[in-house]
file final.cif (mmCIF, C-alpha atoms)
data_coords
#
loop_
_atom_site.label_atom_id
_atom_site.label_comp_id
_atom_site.auth_asym_id
_atom_site.auth_seq_id
_atom_site.Cartn_x
_atom_site.Cartn_y
_atom_site.Cartn_z
CA MET A 640 162.66 109.14 124.39
CA THR A 641 159.69 110.72 122.74
CA GLU A 642 156.30 109.32 123.31
CA GLU A 643 154.77 107.99 120.11
CA ALA A 644 151.15 108.80 119.40
CA THR A 645 148.94 105.77 119.69
CA PRO A 646 146.46 104.97 116.91
CA ASP A 647 143.57 105.66 119.31
CA SER A 648 144.67 109.26 119.94
CA ARG A 649 144.83 110.29 116.28
CA PRO A 650 141.03 110.41 115.67
CA GLU A 651 140.62 112.57 118.79
CA GLU A 652 143.27 115.02 117.57
CA THR A 653 141.63 115.15 114.14
CA ALA A 654 138.20 115.78 115.69
CA ARG A 655 139.58 118.60 117.84
CA ALA A 656 141.22 120.15 114.79
CA GLU A 657 138.00 119.97 112.76
CA ALA A 658 135.75 121.27 115.60
CA PRO A 659 136.34 125.02 114.95
CA GLY A 660 135.64 124.56 111.27
CA ALA A 661 132.41 122.70 111.98
CA THR A 662 131.27 125.43 114.39
CA GLN A 663 132.05 128.13 111.85
CA ASP A 664 130.19 126.18 109.18
CA LEU A 665 127.16 125.88 111.46
CA ARG A 666 127.18 129.61 112.22
CA TYR A 667 127.37 130.43 108.53
CA LEU A 668 124.48 128.07 107.82
CA ILE A 669 122.29 129.61 110.53
CA ALA A 670 123.08 133.20 109.48
CA SER A 671 122.42 132.46 105.81
CA ARG A 672 119.10 130.76 106.56
CA VAL A 673 118.01 133.65 108.80
CA ALA A 674 118.88 136.06 105.97
CA ILE A 675 116.76 134.04 103.53
CA VAL A 676 113.78 133.97 105.92
CA ALA A 677 114.10 137.71 106.59
CA ALA A 678 114.26 138.44 102.86
CA VAL A 679 111.11 136.39 102.21
CA PHE A 680 109.38 138.14 105.13
CA CYS A 681 110.28 141.59 103.78
CA ALA A 682 109.07 140.62 100.31
CA CYS A 683 105.71 139.42 101.70
CA VAL A 684 105.23 142.55 103.81
CA PHE A 685 106.10 144.79 100.86
CA ALA A 686 103.63 142.92 98.63
CA LEU A 687 100.88 143.28 101.24
CA MET A 688 101.61 147.00 101.61
CA LEU A 689 101.36 147.42 97.85
CA ALA A 690 98.07 145.49 97.77
CA ASN A 691 96.77 147.69 100.61
CA LEU A 692 97.65 150.79 98.58
CA LEU A 693 95.86 149.48 95.50
CA ARG A 694 92.78 148.56 97.54
CA ALA A 695 92.72 152.00 99.18
CA ARG A 696 93.09 153.80 95.86
CA THR A 697 90.36 151.74 94.20
CA ALA A 698 87.72 152.32 96.90
CA ASP A 699 84.15 152.70 95.67
CA PRO A 700 83.77 156.45 94.89
CA ALA A 701 79.98 156.13 94.64
CA ALA A 702 79.53 155.11 98.28
CA PRO A 703 79.50 158.69 99.68
CA THR A 704 76.96 159.65 97.05
CA GLU A 705 74.79 156.72 98.14
CA ILE A 706 75.02 157.89 101.74
CA ASP A 707 73.89 161.39 100.76
CA ARG A 708 70.97 159.87 98.85
CA LEU A 709 69.93 157.80 101.89
CA LYS A 710 70.13 160.86 104.15
CA ALA A 711 67.96 162.85 101.75
CA GLU A 712 65.47 159.97 101.64
CA ILE A 713 65.31 159.89 105.46
CA ASN A 714 64.73 163.64 105.62
CA ARG A 715 62.05 163.43 102.96
CA GLU A 716 60.17 160.28 104.01
CA GLY A 717 61.08 159.93 107.68
CA PRO A 718 63.46 157.50 109.44
CA LYS A 719 62.42 154.11 108.11
CA ILE A 720 64.14 151.14 109.75
CA GLU A 721 65.47 149.62 106.51
CA THR A 722 66.84 152.93 105.25
CA VAL A 723 68.50 153.74 108.57
CA GLN A 724 70.08 150.27 108.73
CA ARG A 725 71.43 150.58 105.18
CA LEU A 726 72.83 154.02 105.95
CA ARG A 727 74.46 152.84 109.17
CA ALA A 728 75.95 149.72 107.56
CA LEU A 729 77.40 151.68 104.64
CA ASP A 730 78.80 154.35 106.94
CA GLN A 731 80.45 151.79 109.22
CA ARG A 732 81.92 149.89 106.27
CA LEU A 733 83.52 153.01 104.81
CA ARG A 734 84.99 154.07 108.14
CA ARG A 735 86.23 150.56 108.94
CA GLU A 736 87.96 150.11 105.58
CA TYR A 737 89.46 153.61 105.69
CA PHE A 738 91.01 153.26 109.14
CA LYS A 739 92.01 149.65 108.48
CA SER A 740 94.05 150.67 105.42
CA ARG A 741 95.74 153.50 107.34
CA ARG A 742 96.52 151.27 110.30
CA PHE A 743 97.97 148.52 108.12
CA ALA A 744 100.11 151.04 106.23
CA VAL A 745 101.75 152.20 109.48
CA GLN A 746 102.09 148.70 110.92
CA GLY A 747 103.47 147.39 107.63
CA MET A 748 106.10 150.12 107.61
CA PHE A 749 107.31 149.12 111.07
CA MET A 750 107.27 145.43 110.12
CA LEU A 751 109.24 146.17 106.96
CA ALA A 752 111.81 148.21 108.88
CA GLY A 753 112.20 145.43 111.45
CA GLY A 754 112.56 142.78 108.77
CA LEU A 755 115.18 144.84 106.95
CA ALA A 756 117.14 145.30 110.20
CA VAL A 757 117.18 141.53 110.78
CA LEU A 758 118.15 140.98 107.14
CA LEU A 759 121.08 143.40 107.33
CA VAL A 760 122.39 141.83 110.54
CA ALA A 761 122.05 138.32 109.10
CA LEU A 762 123.82 139.30 105.87
CA HIS A 763 126.61 140.96 107.85
CA LEU A 764 127.12 137.82 109.93
CA THR A 765 126.95 135.65 106.82
CA ALA A 766 129.68 137.69 105.18
CA ALA A 767 131.80 137.59 108.36
CA TYR A 768 131.52 133.83 108.75
CA ALA A 769 132.12 133.24 105.04
CA SER A 770 135.35 135.26 105.06
CA ALA A 771 136.71 133.89 108.37
CA GLY A 772 135.69 130.28 108.06
CA PRO A 773 134.86 127.61 105.50
CA ARG A 774 134.00 128.71 101.98
CA PRO A 775 130.36 128.71 100.91
CA ASN A 776 129.16 125.86 98.79
CA PRO A 777 129.10 127.07 95.16
CA ASP A 778 126.70 124.28 94.17
CA ALA A 779 123.95 125.58 96.47
CA THR A 780 121.24 127.47 94.60
CA GLU A 781 120.98 130.23 97.21
CA GLU A 782 124.69 131.08 97.26
CA PRO A 783 124.69 133.41 94.20
CA VAL A 784 121.64 135.22 95.57
CA LEU A 785 123.23 135.63 98.98
CA ALA A 786 126.51 136.83 97.47
CA SER A 787 124.69 139.45 95.39
CA ALA A 788 122.58 140.56 98.37
CA MET A 789 125.64 140.83 100.64
CA SER A 790 127.52 142.99 98.15
CA ARG A 791 124.58 145.40 97.73
CA ARG A 792 122.79 145.01 101.05
CA SER A 793 122.88 148.66 102.08
CA VAL A 794 121.62 149.92 98.71
CA LEU A 795 118.87 147.30 98.52
CA ALA A 796 117.73 147.91 102.09
CA MET A 797 117.56 151.67 101.57
CA ALA A 798 115.65 151.26 98.31
CA VAL A 799 113.08 148.92 99.86
CA LEU A 800 112.74 151.15 102.92
CA MET A 801 112.16 154.26 100.81
CA ALA A 802 109.63 152.42 98.64
CA GLY A 803 107.76 151.27 101.76
CA LEU A 804 107.80 154.81 103.12
CA LEU A 805 106.36 156.17 99.87
CA ILE A 806 103.61 153.55 99.92
CA THR A 807 102.75 154.46 103.52
CA LEU A 808 102.60 158.17 102.73
CA ALA A 809 100.44 157.47 99.67
CA VAL A 810 97.90 155.63 101.83
CA LEU A 811 97.92 158.24 104.61
CA SER A 812 97.51 161.16 102.17
CA ARG A 813 94.37 159.97 100.44
CA HIS A 814 92.10 162.70 99.08
CA ASP A 815 89.43 160.69 97.28
CA ALA A 816 85.69 160.86 97.91
CA VAL A 817 85.72 158.12 100.55
CA ALA A 818 88.55 159.76 102.51
CA GLU A 819 86.87 163.17 102.41
CA TYR A 820 83.57 161.67 103.60
CA VAL A 821 85.17 159.78 106.50
CA VAL A 822 87.19 162.81 107.62
CA ALA A 823 84.11 165.06 107.50
CA ALA A 824 81.99 162.48 109.33
CA GLU A 825 84.62 162.07 112.07
CA GLN A 826 84.84 165.84 112.53
CA ALA A 827 81.06 166.09 112.76
CA ASP A 828 80.97 163.30 115.35
CA ARG A 829 83.66 164.99 117.44
CA LYS A 830 81.77 168.31 117.33
CA ALA A 831 78.56 166.56 118.37
CA GLU A 832 80.33 164.81 121.26
CA ALA A 833 81.93 168.09 122.39
CA GLU A 834 78.55 169.83 122.28
CA ALA A 835 76.95 166.98 124.25
CA GLU A 836 79.69 167.22 126.91
CA ARG A 837 79.23 170.99 127.10
CA GLN A 838 75.49 170.62 127.53
CA ALA A 839 76.05 168.00 130.24
CA LEU A 840 78.33 170.40 132.13
CA VAL A 841 76.15 173.47 131.69
CA GLY A 842 72.85 171.70 132.25
CA PRO A 843 69.46 172.49 130.71
CA GLN A 844 68.41 176.08 130.41
CA GLY A 845 66.02 177.11 133.14
CA GLU A 846 62.77 178.99 132.81
CA PRO A 847 63.07 182.78 132.57
CA GLY A 848 62.46 184.63 135.81
CA PRO A 849 59.60 187.09 136.42
CA GLN A 850 59.84 190.49 134.89
CA GLY A 851 60.99 193.19 137.27
CA ARG A 852 58.85 196.16 138.34
CA PRO A 853 59.39 199.37 136.34
CA GLY A 854 61.27 202.09 138.17
CA PRO A 855 59.93 205.63 138.86
CA GLN A 856 59.75 208.05 136.00
CA GLY A 857 62.56 210.56 135.88
CA PRO A 858 62.09 214.32 136.04
CA ALA A 859 61.00 216.11 132.94
CA GLY A 860 63.62 218.04 131.03
CA PRO A 861 63.75 221.86 130.89
#

call {"tool": "encode", "arguments": {"input": "final.cif", "output": "structure tokens"}}
result
Amino acid sequence: MTEEATPDSRPEETARAEAPGATQDLRYLIASRVAIVAAVFCACVFALMLANLLRARTADPAAPTEIDRLKAEINREGPKIETVQRLRALDQRLRREYFKSRRFAVQGMFMLAGGLAVLLVALHLTAAYASAGPRPNPDATEEPVLASAMSRRSVLAMAVLMAGLLITLAVLSRHDAVAEYVVAAEQADRKAEAEAERQALVGPQGEPGPQGRPGPQGPAGP
């Protein structure tokens, strides 16, 4: 005689049958949400990199001229406190903004590359879970966007990565008046530091020694 299934055992069998589908659905949901967050992160980083490029390219070109004018005024009228403070503040501001834009360009490139890597992995997992498990919900507003991104993920990632690389190179290869001033000022500072280190190693020049006694006169020629 076969054992008939009791009414109490049927819900348990149904739950066990639906458990793999629920797990797959949860994995798809997590992967899709991670892909959305990574895409938003990449978009924000790319926008900040573009804003950094625009700010670097629109730096005040008259600032180096103002620094030259202040230096000429100090040489002509002597080192007044107000003039020296204005010169130092303007010099520090130009250097700080120049190196800040370069540093953010490099850091933004690494952040963009990391975000794109996470996005590609999340889209790959989303596509794998969507094809092996429950179907995506067509009524969800993000589903068409995710489907389009998954079908073109490699092309989109490469395009965004190349655009970010071009932005980084554009910031690092500045040749405007501010960049030329900062580069020249840094070179002058390094030369001054090297000369100071050399003088510290060599030491101050001593007093000249006494003049030696003249030797005997040689024989007269024929």

call {"tool": "residues_around", "arguments": {"input": "final.cif", "residues": "A:Thr765", "least_positions_apart": "5", "cutoff": "8 Å", "atoms": "only C-alpha atoms", "output": "tab-separated table (two decimals) with C-alpha atoms, in the frame of the given file"}}
result
chain	number	residue	atom	x	y	z
A	667	TYR	CA	127.37	130.43	108.53
A	670	ALA	CA	123.08	133.20	109.48
A	671	SER	CA	122.42	132.46	105.81

call {"tool": "residues_around", "arguments": {"input": "final.cif", "residues": "stretch 697-707 of chain A", "least_positions_apart": "2", "cutoff": "10 Å", "atoms": "all atoms listed in the file", "output": "number ranges by chain"}}
result
A: 691-695, 709-713, 725-727, 729-730, 732-733, 736-737, 815-821

call {"tool": "atom_distance", "arguments": {"input": "final.cif", "atom1": "atom CA of A:Ala728", "atom2": "atom CA of A:His814"}}
result
22.4 Å

call {"tool": "closest_residue", "arguments": {"input": "final.cif", "among": "A:Arg791, A:Lys719, A:Val745, A:Gln731", "to": "A:Ala824", "atoms": "only C-alpha atoms"}}
result
A:Gln731

call {"tool": "atom_distance", "arguments": {"input": "final.cif", "atom1": "atom CA of A:Ala677", "atom2": "atom CA of A:Leu758"}}
result
5.2 Å

call {"tool": "atom_distance", "arguments": {"input": "final.cif", "atom1": "atom CA of A:Phe743", "atom2": "atom CA of A:Ala831"}}
result
28.4 Å

call {"tool": "residues_near_point", "arguments": {"input": "final.cif", "point": "(126.1, 141.1, 108.8)", "cutoff": "12 Å", "atoms": "all atoms listed in the file", "output": "PDB file with C-alpha atoms, in the frame of the given file"}}
result
ATOM      1  CA  TYR A 667     127.370 130.430 108.530  1.00  0.00           C
ATOM      2  CA  ALA A 670     123.080 133.200 109.480  1.00  0.00           C
ATOM      3  CA  SER A 671     122.420 132.460 105.810  1.00  0.00           C
ATOM      4  CA  VAL A 673     118.010 133.650 108.800  1.00  0.00           C
ATOM      5  CA  ALA A 674     118.880 136.060 105.970  1.00  0.00           C
ATOM      6  CA  LEU A 755     115.180 144.840 106.950  1.00  0.00           C
ATOM      7  CA  ALA A 756     117.140 145.300 110.200  1.00  0.00           C
ATOM      8  CA  VAL A 757     117.180 141.530 110.780  1.00  0.00           C
ATOM      9  CA  LEU A 758     118.150 140.980 107.140  1.00  0.00           C
ATOM     10  CA  LEU A 759     121.080 143.400 107.330  1.00  0.00           C
ATOM     11  CA  VAL A 760     122.390 141.830 110.540  1.00  0.00           C
ATOM     12  CA  ALA A 761     122.050 138.320 109.100  1.00  0.00           C
ATOM     13  CA  LEU A 762     123.820 139.300 105.870  1.00  0.00           C
ATOM     14  CA  HIS A 763     126.610 140.960 107.850  1.00  0.00           C
ATOM     15  CA  LEU A 764     127.120 137.820 109.930  1.00  0.00           C
ATOM     16  CA  THR A 765     126.950 135.650 106.820  1.00  0.00           C
ATOM     17  CA  ALA A 766     129.680 137.690 105.180  1.00  0.00           C
ATOM     18  CA  ALA A 767     131.800 137.590 108.360  1.00  0.00           C
ATOM     19  CA  TYR A 768     131.520 133.830 108.750  1.00  0.00           C
ATOM     20  CA  ALA A 769     132.120 133.240 105.040  1.00  0.00           C
ATOM     21  CA  SER A 770     135.350 135.260 105.060  1.00  0.00           C
ATOM     22  CA  LEU A 785     123.230 135.630  98.980  1.00  0.00           C
ATOM     23  CA  ALA A 788     122.580 140.560  98.370  1.00  0.00           C
ATOM     24  CA  MET A 789     125.640 140.830 100.640  1.00  0.00           C
ATOM     25  CA  SER A 790     127.520 142.990  98.150  1.00  0.00           C
ATOM     26  CA  ARG A 791     124.580 145.400  97.730  1.00  0.00           C
ATOM     27  CA  ARG A 792     122.790 145.010 101.050  1.00  0.00           C
ATOM     28  CA  SER A 793     122.880 148.660 102.080  1.00  0.00           C
TER      29      SER A 793
END

call {"tool": "closest_residue", "arguments": {"input": "final.cif", "among": "A:Val676, A:Val684, A:Ala823, A:Leu808", "to": "A:Met750", "atoms": "only C-alpha atoms"}}
result
A:Val684

call {"tool": "resolve_selection", "arguments": {"input": "final.cif", "expression": "the PyMOL selection byres ((chain A and resi 799) around 10)", "output": "list in words"}}
result
Cys681, Ala682, Phe685, Leu751, Ala752, Leu755, Val794, Leu795, Ala796, Met797, Ala798, Leu800, Met801, Ala802, Gly803, Leu804 and Leu805 of chain A

call {"tool": "write_last_selection", "arguments": {"input": "final.cif", "atoms": "C-alpha atoms", "output": "mmCIF file, in the coordinates of the input"}}
result
data_model
loop_
_atom_site.group_PDB
_atom_site.id
_atom_site.type_symbol
_atom_site.label_atom_id
_atom_site.label_comp_id
_atom_site.auth_asym_id
_atom_site.auth_seq_id
_atom_site.Cartn_x
_atom_site.Cartn_y
_atom_site.Cartn_z
ATOM 1 C CA CYS A 681 110.280 141.590 103.780
ATOM 2 C CA ALA A 682 109.070 140.620 100.310
ATOM 3 C CA PHE A 685 106.100 144.790 100.860
ATOM 4 C CA LEU A 751 109.240 146.170 106.960
ATOM 5 C CA ALA A 752 111.810 148.210 108.880
ATOM 6 C CA LEU A 755 115.180 144.840 106.950
ATOM 7 C CA VAL A 794 121.620 149.920 98.710
ATOM 8 C CA LEU A 795 118.870 147.300 98.520
ATOM 9 C CA ALA A 796 117.730 147.910 102.090
ATOM 10 C CA MET A 797 117.560 151.670 101.570
ATOM 11 C CA ALA A 798 115.650 151.260 98.310
ATOM 12 C CA LEU A 800 112.740 151.150 102.920
ATOM 13 C CA MET A 801 112.160 154.260 100.810
ATOM 14 C CA ALA A 802 109.630 152.420 98.640
ATOM 15 C CA GLY A 803 107.760 151.270 101.760
ATOM 16 C CA LEU A 804 107.800 154.810 103.120
ATOM 17 C CA LEU A 805 106.360 156.170 99.870
#

call {"tool": "decode", "arguments": {"input": "final.cif", "residues": "stretch 818-834 of chain A", "atoms": "N, CA and C atoms", "output": "compact mmCIF listing (two decimals), in the first residue's frame"}}
result
# COMPACT_ATOMS: atom_id res chain seq x y z
N ALA A 818 49.74 77.01 -15.27
CA ALA A 818 50.56 75.80 -15.24
C ALA A 818 52.03 76.12 -15.46
N GLU A 819 52.31 76.99 -16.40
CA GLU A 819 53.72 77.35 -16.66
C GLU A 819 54.34 78.06 -15.46
N TYR A 820 53.56 78.91 -14.78
CA TYR A 820 54.11 79.59 -13.61
C TYR A 820 54.40 78.59 -12.49
N VAL A 821 53.45 77.69 -12.21
CA VAL A 821 53.64 76.73 -11.12
C VAL A 821 54.83 75.81 -11.40
N VAL A 822 54.95 75.34 -12.64
CA VAL A 822 56.07 74.46 -12.99
C VAL A 822 57.41 75.20 -12.82
N ALA A 823 57.47 76.44 -13.31
CA ALA A 823 58.70 77.22 -13.17
C ALA A 823 59.01 77.51 -11.70
N ALA A 824 57.99 77.82 -10.91
CA ALA A 824 58.21 78.10 -9.49
C ALA A 824 58.68 76.86 -8.75
N GLU A 825 58.12 75.70 -9.07
CA GLU A 825 58.56 74.46 -8.43
C GLU A 825 60.00 74.13 -8.80
N GLN A 826 60.37 74.33 -10.05
CA GLN A 826 61.75 74.09 -10.46
C GLN A 826 62.71 75.03 -9.75
N ALA A 827 62.32 76.30 -9.62
CA ALA A 827 63.17 77.25 -8.91
C ALA A 827 63.31 76.88 -7.44
N ASP A 828 62.24 76.42 -6.81
CA ASP A 828 62.32 76.00 -5.42
C ASP A 828 63.23 74.78 -5.25
N ARG A 829 63.13 73.84 -6.18
CA ARG A 829 63.99 72.65 -6.09
C ARG A 829 65.46 73.02 -6.27
N LYS A 830 65.75 73.94 -7.20
CA LYS A 830 67.14 74.38 -7.38
C LYS A 830 67.65 75.10 -6.13
N ALA A 831 66.79 75.91 -5.52
CA ALA A 831 67.21 76.62 -4.30
C ALA A 831 67.46 75.64 -3.16
N GLU A 832 66.61 74.62 -3.03
CA GLU A 832 66.81 73.62 -1.99
C GLU A 832 68.09 72.81 -2.24
N ALA A 833 68.34 72.45 -3.51
CA ALA A 833 69.57 71.72 -3.82
C ALA A 833 70.80 72.56 -3.53
N GLU A 834 70.75 73.83 -3.85
CA GLU A 834 71.89 74.71 -3.56
C GLU A 834 72.08 74.87 -2.07
